[in-house]
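Text of my_file_26.cif, listed as mmCIF, C-alpha atoms and all ligand atoms:
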```cif
data_entry
#
loop_
_atom_site.label_atom_id
_atom_site.label_comp_id
_atom_site.auth_asym_id
_atom_site.auth_seq_id
_atom_site.Cartn_x
_atom_site.Cartn_y
_atom_site.Cartn_z
CA MET A 838 113.33 16.25 -25.26
CA THR A 839 110.61 18.39 -23.71
CA VAL A 840 107.07 17.16 -23.20
CA SER A 841 105.69 19.55 -25.82
CA GLN A 842 108.06 18.14 -28.47
CA VAL A 843 106.90 14.65 -27.59
CA GLU A 844 103.26 15.72 -27.90
CA VAL A 845 103.76 17.08 -31.39
CA ARG A 846 105.83 14.14 -32.68
CA GLY A 847 104.05 11.20 -31.15
CA ALA A 848 100.73 9.87 -32.35
CA VAL A 849 99.95 9.06 -28.71
CA SER A 850 101.74 9.96 -25.51
CA SER A 851 101.15 9.76 -21.80
CA HIS A 852 102.73 11.83 -19.06
CA GLU A 853 102.87 10.69 -15.44
CA LEU A 854 99.66 8.69 -15.79
CA VAL A 855 98.31 7.37 -12.49
CA LYS A 856 95.30 5.08 -12.07
CA VAL A 857 94.27 3.72 -8.69
CA TYR A 858 91.47 1.18 -8.26
CA GLY A 859 89.67 1.13 -4.94
CA ASN A 860 90.79 3.02 -1.87
CA GLY A 861 92.27 2.54 1.58
CA PRO A 862 94.36 -0.54 2.26
CA ALA A 863 92.70 -2.39 -0.65
CA ALA A 864 93.72 0.25 -3.22
CA VAL A 865 95.61 -1.03 -6.30
CA ARG A 866 97.94 1.38 -8.09
CA ALA A 867 97.41 -0.08 -11.59
CA LEU A 868 99.36 2.78 -13.25
CA ASP A 869 102.02 4.43 -11.16
CA GLY A 870 103.33 7.37 -13.21
CA VAL A 871 103.49 6.08 -16.80
CA SER A 872 105.19 8.45 -19.25
CA THR A 873 105.60 7.02 -22.71
CA GLU A 874 105.22 7.80 -26.38
CA PHE A 875 103.85 5.81 -29.31
CA ARG A 876 105.19 7.07 -32.60
CA ALA A 877 103.12 7.64 -35.73
CA GLY A 878 103.61 5.05 -38.45
CA GLU A 879 104.83 2.38 -36.04
CA LEU A 880 103.45 -0.84 -34.54
CA THR A 881 104.18 -0.84 -30.81
CA ALA A 882 103.48 -3.75 -28.45
CA ILE A 883 102.84 -3.24 -24.74
CA MET A 884 104.02 -6.23 -22.70
CA GLY A 885 104.60 -7.16 -19.09
CA PRO A 886 103.66 -9.65 -16.40
CA SER A 887 100.00 -10.32 -15.58
CA GLY A 888 98.61 -7.43 -13.53
CA SER A 889 101.37 -5.02 -14.63
CA GLY A 890 98.80 -2.53 -15.98
CA LYS A 891 98.81 -3.21 -19.73
CA SER A 892 95.03 -3.20 -20.27
CA THR A 893 94.56 -0.28 -17.91
CA LEU A 894 97.15 1.72 -19.86
CA LEU A 895 95.57 0.85 -23.23
CA HIS A 896 92.10 1.81 -21.96
CA CYS A 897 93.34 5.14 -20.56
CA LEU A 898 95.24 5.92 -23.79
CA ALA A 899 92.11 5.15 -25.84
CA GLY A 900 89.75 7.21 -23.68
CA LEU A 901 87.80 4.10 -22.62
CA ASP A 902 88.82 4.67 -18.99
CA THR A 903 89.87 7.78 -17.10
CA ALA A 904 93.13 8.15 -15.22
CA GLY A 905 93.29 9.63 -11.72
CA SER A 906 96.04 12.05 -12.73
CA GLY A 907 98.49 12.69 -15.56
CA THR A 908 97.79 13.43 -19.20
CA VAL A 909 97.21 11.58 -22.47
CA HIS A 910 97.66 13.22 -25.87
CA ILE A 911 96.36 11.91 -29.18
CA GLY A 912 98.36 14.05 -31.59
CA ARG A 913 97.98 17.58 -30.23
CA THR A 914 94.70 16.88 -28.45
CA GLU A 915 94.85 16.43 -24.70
CA LEU A 916 92.36 13.64 -24.22
CA THR A 917 92.40 13.90 -20.43
CA SER A 918 90.91 17.41 -20.54
CA LEU A 919 87.96 16.59 -22.83
CA GLY A 920 84.33 16.43 -21.72
CA ASP A 921 82.19 13.37 -22.41
CA LYS A 922 80.82 14.54 -25.77
CA ALA A 923 84.19 15.60 -27.16
CA LEU A 924 85.75 12.37 -25.93
CA THR A 925 83.05 10.29 -27.63
CA ARG A 926 83.63 12.23 -30.86
CA LEU A 927 87.39 11.78 -30.64
CA ARG A 928 87.03 8.02 -30.03
CA ARG A 929 84.62 7.77 -32.97
CA ASP A 930 86.56 9.89 -35.44
CA ARG A 931 90.22 9.42 -34.57
CA ILE A 932 90.65 6.06 -32.87
CA GLY A 933 90.16 2.49 -34.10
CA PHE A 934 89.74 -0.50 -31.77
CA VAL A 935 90.41 -4.19 -32.17
CA PHE A 936 89.35 -6.36 -29.23
CA GLN A 937 90.19 -9.96 -28.37
CA SER A 938 86.54 -10.96 -28.79
CA PHE A 939 85.96 -9.30 -32.23
CA ASN A 940 82.79 -7.43 -31.05
CA LEU A 941 81.01 -7.57 -34.42
CA LEU A 942 77.25 -7.07 -34.66
CA PRO A 943 75.81 -10.52 -35.54
CA THR A 944 72.89 -9.28 -37.66
CA LEU A 945 75.02 -7.15 -39.99
CA THR A 946 77.11 -8.28 -42.93
CA ALA A 947 80.87 -7.87 -42.83
CA GLU A 948 80.60 -4.77 -45.06
CA ASP A 949 77.94 -3.19 -42.85
CA ASN A 950 79.99 -3.96 -39.73
CA ILE A 951 83.02 -2.31 -41.33
CA LEU A 952 81.06 0.81 -42.30
CA LEU A 953 78.68 1.13 -39.33
CA ALA A 954 80.66 3.62 -37.24
CA LEU A 955 81.29 5.88 -40.23
CA ARG A 956 77.58 5.82 -41.13
CA LEU A 957 76.55 6.61 -37.55
CA ALA A 958 78.96 9.54 -37.66
CA GLY A 959 77.32 10.76 -40.89
CA ARG A 960 80.56 10.22 -42.78
CA THR A 961 80.83 8.50 -46.12
CA ALA A 962 83.62 6.03 -46.71
CA ASP A 963 86.45 6.91 -49.02
CA ARG A 964 85.74 4.11 -51.52
CA GLU A 965 89.35 3.87 -52.68
CA TRP A 966 90.61 3.54 -49.10
CA PHE A 967 87.82 1.04 -48.31
CA ALA A 968 88.92 -1.07 -51.29
CA ARG A 969 92.59 -0.94 -50.22
CA VAL A 970 91.75 -2.01 -46.68
CA VAL A 971 89.39 -4.78 -47.81
CA ASP A 972 91.94 -6.09 -50.32
CA LEU A 973 94.81 -5.91 -47.82
CA LEU A 974 92.76 -7.97 -45.41
CA GLY A 975 91.63 -10.45 -48.08
CA LEU A 976 87.95 -9.77 -47.38
CA ARG A 977 86.69 -8.94 -50.86
CA ASP A 978 84.68 -12.18 -51.25
CA ARG A 979 83.44 -12.17 -47.65
CA LEU A 980 81.75 -8.76 -47.52
CA ARG A 981 78.19 -10.13 -47.77
CA HIS A 982 78.70 -12.73 -45.04
CA LYS A 983 77.40 -12.37 -41.49
CA PRO A 984 79.87 -12.94 -38.63
CA SER A 985 78.41 -16.42 -37.91
CA GLU A 986 79.34 -17.39 -41.48
CA LEU A 987 82.97 -16.39 -40.98
CA SER A 988 85.88 -18.11 -39.21
CA GLY A 989 87.41 -16.49 -36.11
CA GLY A 990 90.36 -15.24 -38.14
CA GLN A 991 88.03 -13.75 -40.78
CA GLN A 992 85.94 -12.09 -38.07
CA GLN A 993 89.06 -10.52 -36.59
CA ARG A 994 90.07 -9.34 -40.07
CA VAL A 995 86.63 -7.67 -40.39
CA ALA A 996 87.27 -6.04 -36.99
CA CYS A 997 90.66 -4.81 -38.27
CA ALA A 998 89.00 -3.38 -41.40
CA ARG A 999 86.38 -1.66 -39.22
CA ALA A 1000 89.18 -0.13 -37.13
CA LEU A 1001 91.09 1.09 -40.20
CA VAL A 1002 88.31 2.26 -42.52
CA GLY A 1003 87.99 5.72 -40.95
CA LYS A 1004 91.77 6.37 -41.31
CA PRO A 1005 92.16 6.84 -37.55
CA ASP A 1006 95.14 8.53 -35.93
CA VAL A 1007 95.78 5.30 -34.06
CA VAL A 1008 94.41 1.77 -33.76
CA PHE A 1009 94.44 0.23 -30.27
CA ALA A 1010 94.40 -3.57 -30.20
CA ASP A 1011 93.86 -5.47 -26.94
CA GLU A 1012 95.16 -9.05 -27.27
CA PRO A 1013 94.01 -9.19 -30.94
CA THR A 1014 95.18 -12.80 -31.35
CA GLY A 1015 94.06 -14.02 -27.91
CA ASN A 1016 91.08 -15.99 -29.31
CA LEU A 1017 92.80 -17.29 -32.44
CA ASP A 1018 94.93 -20.34 -33.18
CA SER A 1019 98.55 -19.66 -34.07
CA ARG A 1020 98.07 -19.78 -37.85
CA THR A 1021 95.07 -17.43 -38.04
CA GLY A 1022 96.72 -15.30 -35.34
CA ALA A 1023 99.77 -14.97 -37.60
CA ASP A 1024 97.51 -13.83 -40.46
CA VAL A 1025 95.96 -11.10 -38.30
CA LEU A 1026 99.40 -9.97 -37.08
CA ALA A 1027 100.65 -9.85 -40.67
CA PHE A 1028 97.67 -7.62 -41.56
CA LEU A 1029 98.27 -5.31 -38.61
CA ARG A 1030 101.94 -5.15 -39.67
CA ALA A 1031 100.92 -4.38 -43.28
CA SER A 1032 98.48 -1.70 -42.14
CA VAL A 1033 101.49 0.07 -40.64
CA SER A 1034 104.10 -0.71 -43.31
CA ASP A 1035 101.88 -0.43 -46.40
CA LEU A 1036 99.07 1.92 -45.33
CA GLY A 1037 101.07 4.13 -42.94
CA GLN A 1038 98.75 3.52 -39.98
CA THR A 1039 99.73 3.59 -36.30
CA VAL A 1040 98.98 0.59 -34.08
CA VAL A 1041 99.40 0.10 -30.33
CA MET A 1042 98.79 -3.49 -29.23
CA VAL A 1043 98.69 -5.21 -25.85
CA THR A 1044 99.87 -8.80 -26.06
CA HIS A 1045 101.14 -11.65 -23.87
CA ASP A 1046 102.64 -13.41 -26.85
CA PRO A 1047 106.35 -12.91 -27.73
CA ILE A 1048 105.62 -14.07 -31.29
CA ALA A 1049 102.98 -11.31 -31.66
CA ALA A 1050 105.42 -8.80 -30.18
CA SER A 1051 108.06 -9.76 -32.74
CA TYR A 1052 105.84 -8.16 -35.45
CA ALA A 1053 106.21 -4.79 -33.69
CA ASP A 1054 108.74 -2.02 -34.31
CA ARG A 1055 109.11 -1.59 -30.59
CA VAL A 1056 108.00 -3.17 -27.33
CA VAL A 1057 107.20 -1.06 -24.26
CA LEU A 1058 107.61 -3.13 -21.08
CA LEU A 1059 105.47 -2.54 -18.00
CA ALA A 1060 106.01 -3.88 -14.48
CA ASP A 1061 104.01 -2.93 -11.41
CA GLY A 1062 102.29 -0.06 -13.21
CA ARG A 1063 105.54 1.53 -14.39
CA VAL A 1064 107.52 1.56 -17.63
CA ALA A 1065 110.27 -1.01 -17.12
CA GLY A 1066 112.09 -0.69 -20.43
CA GLU A 1067 111.70 -0.91 -24.18
CA ILE A 1068 112.99 -3.11 -26.98
CA HIS A 1069 113.56 -1.84 -30.51
CA TRP A 1070 113.13 -4.33 -33.37
CA PRO A 1071 112.09 -7.06 -30.96
CA THR A 1072 112.61 -10.76 -31.62
CA GLN A 1073 110.90 -13.62 -29.78
CA GLU A 1074 114.20 -14.29 -27.99
CA SER A 1075 114.83 -10.68 -26.89
CA VAL A 1076 111.23 -10.36 -25.68
CA LEU A 1077 111.37 -13.64 -23.72
CA ALA A 1078 114.68 -12.62 -22.14
CA ALA A 1079 113.31 -9.21 -21.12
CA LEU A 1080 110.09 -10.72 -19.73
CA SER A 1081 112.00 -13.29 -17.69
CA THR A 1082 113.96 -10.49 -15.97
CA LEU A 1083 110.57 -8.96 -15.05
CA GLY A 1084 109.39 -12.24 -13.55
CA ALA A 1085 106.73 -12.84 -16.22
N1 LIG A 1101 88.19 -2.74 -12.35
C1 LIG A 1101 89.18 -3.02 -11.50
N2 LIG A 1101 89.00 -2.96 -10.16
C2 LIG A 1101 90.00 -3.21 -9.31
N3 LIG A 1101 91.26 -3.55 -9.68
C3 LIG A 1101 91.49 -3.63 -11.00
C4 LIG A 1101 90.48 -3.37 -11.98
N4 LIG A 1101 91.03 -3.53 -13.21
C5 LIG A 1101 92.32 -3.87 -13.01
N5 LIG A 1101 92.60 -3.93 -11.70
C6 LIG A 1101 93.91 -4.24 -11.08
O1 LIG A 1101 94.86 -3.35 -11.63
C7 LIG A 1101 96.09 -4.04 -11.92
C8 LIG A 1101 96.42 -3.92 -13.39
O2 LIG A 1101 95.44 -4.63 -14.12
P1 LIG A 1101 95.50 -4.75 -15.71
O3 LIG A 1101 94.30 -5.55 -16.14
O4 LIG A 1101 95.71 -3.43 -16.32
O5 LIG A 1101 96.83 -5.62 -15.90
P2 LIG A 1101 97.33 -6.43 -17.18
O6 LIG A 1101 98.80 -6.23 -17.25
O7 LIG A 1101 96.53 -6.06 -18.37
O8 LIG A 1101 96.99 -7.92 -16.71
P3 LIG A 1101 96.73 -9.25 -17.57
O9 LIG A 1101 97.98 -9.49 -18.35
O10 LIG A 1101 96.52 -10.30 -16.53
O11 LIG A 1101 95.53 -9.01 -18.44
C9 LIG A 1101 95.90 -5.48 -11.44
O12 LIG A 1101 96.40 -5.58 -10.11
C10 LIG A 1101 94.39 -5.63 -11.44
O13 LIG A 1101 93.99 -6.58 -10.48
#
```
Just give me the structure as structure tokens.
Amino acid sequence: MTVSQVEVRGAVSSHELVKVYGNGPAAVRALDGVSTEFRAGELTAIMGPSGSGKSTLLHCLAGLDTAGSGTVHIGRTELTSLGDKALTRLRRDRIGFVFQSFNLLPTLTAEDNILLALRLAGRTADREWFARVVDLLGLRDRLRHKPSELSGGQQQRVACARALVGKPDVVFADEPTGNLDSRTGADVLAFLRASVSDLGQTVVMVTHDPIAASYADRVVLLADGRVAGEIHWPTQESVLAALSTLGA
């Protein structure tokens, strides 16, 4: 398959992505030529040992960090060639984010948190889509609550709704269950899974957790800043076995 075919098919792709931190003898090659594709309508997990480059890759794919060389495409748009303004617009309009630490604004209600980015962009929410997302996430009776009045799992569900409400091309999730206990973590993973299976969204998630990875359609494995393999229809067992061969 040629690169251009990959660009058109994949929701997100990277080609020979290189990111070096620092310089001289202390330089760290966090990404060392990462070429990979994340397909539309799939939930993909990025896994690998600590320090293998997972967060750096996610941040470069999402336009939160810039690579030293190589390209990233979101659909047909080459993100790596965009100026600051266009990149900000692309992040706002076409990408959703879910972080480990929820990142909700404490003074706003759940509903206002969910809708804030759309309002700042001067867009109005598609009320039918908003209702589907809110119902999928079980947030209907929590919309008037502030984050401090919600449990950690509910706050992360609000963050998922915020990521999905603008119908982004892709949602990037960085350790979305890292701050949750296993039961509420399972709820959030089930919602991310349903956002793909039921709403047709595309999710790329960094995780350490083989259970979280087992919700994915595919796992992309990183080691030492390079793609070290992939697992289709991962199970906890297949993920653990693959990670142990990588020394994780
Ligand atoms: N801002 C930075 N400055 C210098 N080195 C960095 C910086 N961010 C990351 N690194 C280094 O780049 C490499 C990849 O880091 P990254 O955080 O992407 O790995 P990771 O796989 O997400 O790790 P973890 O699983 O521990 O979160 C590591 O060696 C890390 O120390």
Protein and nucleic residues near ligand LIG 1101 (chain A), 8 Å, only C-alpha atoms and all ligand atoms, as a PyMOL selection string:
chain A and resi 857-859+864-868+884-894+1043-1045+1059+1061-1062
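For Met1042 of chain A, the residues within 6 Å (counting only C-alpha atoms, excluding itself and residues fewer than 5 positions away along the chain) are Ala882, Phe1009, Ala1010 and Asp1011 of chain A.
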Please, what distance in Å, to one decimal, runs between atom CA of Leu955 of chain A and atom CA of Asn940 of chain A?
16.2 Å
Just the residues within 9 Å of Val1008 of chain A, please, counting all atoms listed in the file, with nothing from its chain fewer than 3 positions along; format it as a ChimeraX atom specification.
/A:899,931-935,997,1000-1001,1005,1038-1042
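Taking atom CA of Val1057 of chain A and atom CA of Leu901 of chain A as the two end points, the separation is 20.1 Å.
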Show me, as a ChimeraX atom specification, the residues that have an atom within 7 Å of Leu974 of chain A when counting all atoms listed in the file, minus same-chain residues fewer than 3 positions from it.
/A:970-971,994,1028
Between atom CA of Ala1053 of chain A and atom CA of Leu854 of chain A, measure the distance and give it in Å to one decimal.
23.3 Å
Select all residues near (87.3, 14.0, -34.9) (cut-off 12 Å, inclusive, file coordinates), counting all atoms listed in the file, and output them as a VMD selection string.
chain A and resid 911 to 912 914 916 922 to 933 955 958 960 1003 to 1006
So that I have them on file, write out the residues from the current selection with C-alpha atoms, as a CSV table (one decimal), in the coordinates of the input.
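Listing of selection_29.csv after writing:
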```
chain,number,residue,atom,x,y,z
A,911,ILE,CA,96.4,11.9,-29.2
A,912,GLY,CA,98.4,14.0,-31.6
A,914,THR,CA,94.7,16.9,-28.4
A,916,LEU,CA,92.4,13.6,-24.2
A,922,LYS,CA,80.8,14.5,-25.8
A,923,ALA,CA,84.2,15.6,-27.2
A,924,LEU,CA,85.8,12.4,-25.9
A,925,THR,CA,83.0,10.3,-27.6
A,926,ARG,CA,83.6,12.2,-30.9
A,927,LEU,CA,87.4,11.8,-30.6
A,928,ARG,CA,87.0,8.0,-30.0
A,929,ARG,CA,84.6,7.8,-33.0
A,930,ASP,CA,86.6,9.9,-35.4
A,931,ARG,CA,90.2,9.4,-34.6
A,932,ILE,CA,90.6,6.1,-32.9
A,933,GLY,CA,90.2,2.5,-34.1
A,955,LEU,CA,81.3,5.9,-40.2
A,958,ALA,CA,79.0,9.5,-37.7
A,960,ARG,CA,80.6,10.2,-42.8
A,1003,GLY,CA,88.0,5.7,-41.0
A,1004,LYS,CA,91.8,6.4,-41.3
A,1005,PRO,CA,92.2,6.8,-37.6
A,1006,ASP,CA,95.1,8.5,-35.9
```
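Minimum atom-to-atom distance to Gly1066 of chain A, evaluated using all atoms listed in the file, belongs to A:Ile883 out of A:Ala954, A:Ile883, A:Val855, A:Val849.
Taking all atoms listed in the file into account, Glu853 of chain A lies nearest to A:Thr908 out of the set A:Thr1014, A:Thr917, A:Thr881, A:Thr908.
The nearest approach to Glu874 of chain A among the residues A:Leu919, A:Leu1036, A:Leu953, A:Ala848, with all atoms listed in the file taken into account, belongs to A:Ala848.
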Please identify all polymer residues within 7 Å of Asn950 of chain A, counting all atoms listed in the file, omitting same-chain residues fewer than 5 positions from it, and present them as a ChimeraX atom specification.
/A:941-942,945,999
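Residue nearest Arg913 of chain A, chosen from A:Ala962, A:Thr873, A:Ser850, A:Pro943 and counting all atoms listed in the file: A:Ser850.
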Kindly extract all protein, DNA and RNA residues lying within 12 Å of the coordinates (104.6, -1.9, -44.8) given in the file, considering only C-alpha atoms, and supply them as number ranges by chain.
A: 878-880, 973, 1027-1039, 1052-1054
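For Ser1051 of chain A, the set of protein, DNA and RNA residues having any atom at most 10 Å away, when counting only C-alpha atoms and skipping those fewer than 5 positions along the same chain, is A:Thr881, A:Ala882, A:Leu1026, A:Asp1046, A:Val1056, A:His1069, A:Trp1070, A:Pro1071, A:Thr1072, A:Gln1073, A:Glu1074, A:Ser1075, A:Val1076.
Minimum atom-to-atom distances from A:Val1007, A:Leu957, A:Leu1058, A:Ala947 to Val995 of chain A were compared using only C-alpha atoms, and the lowest value belongs to A:Ala947.
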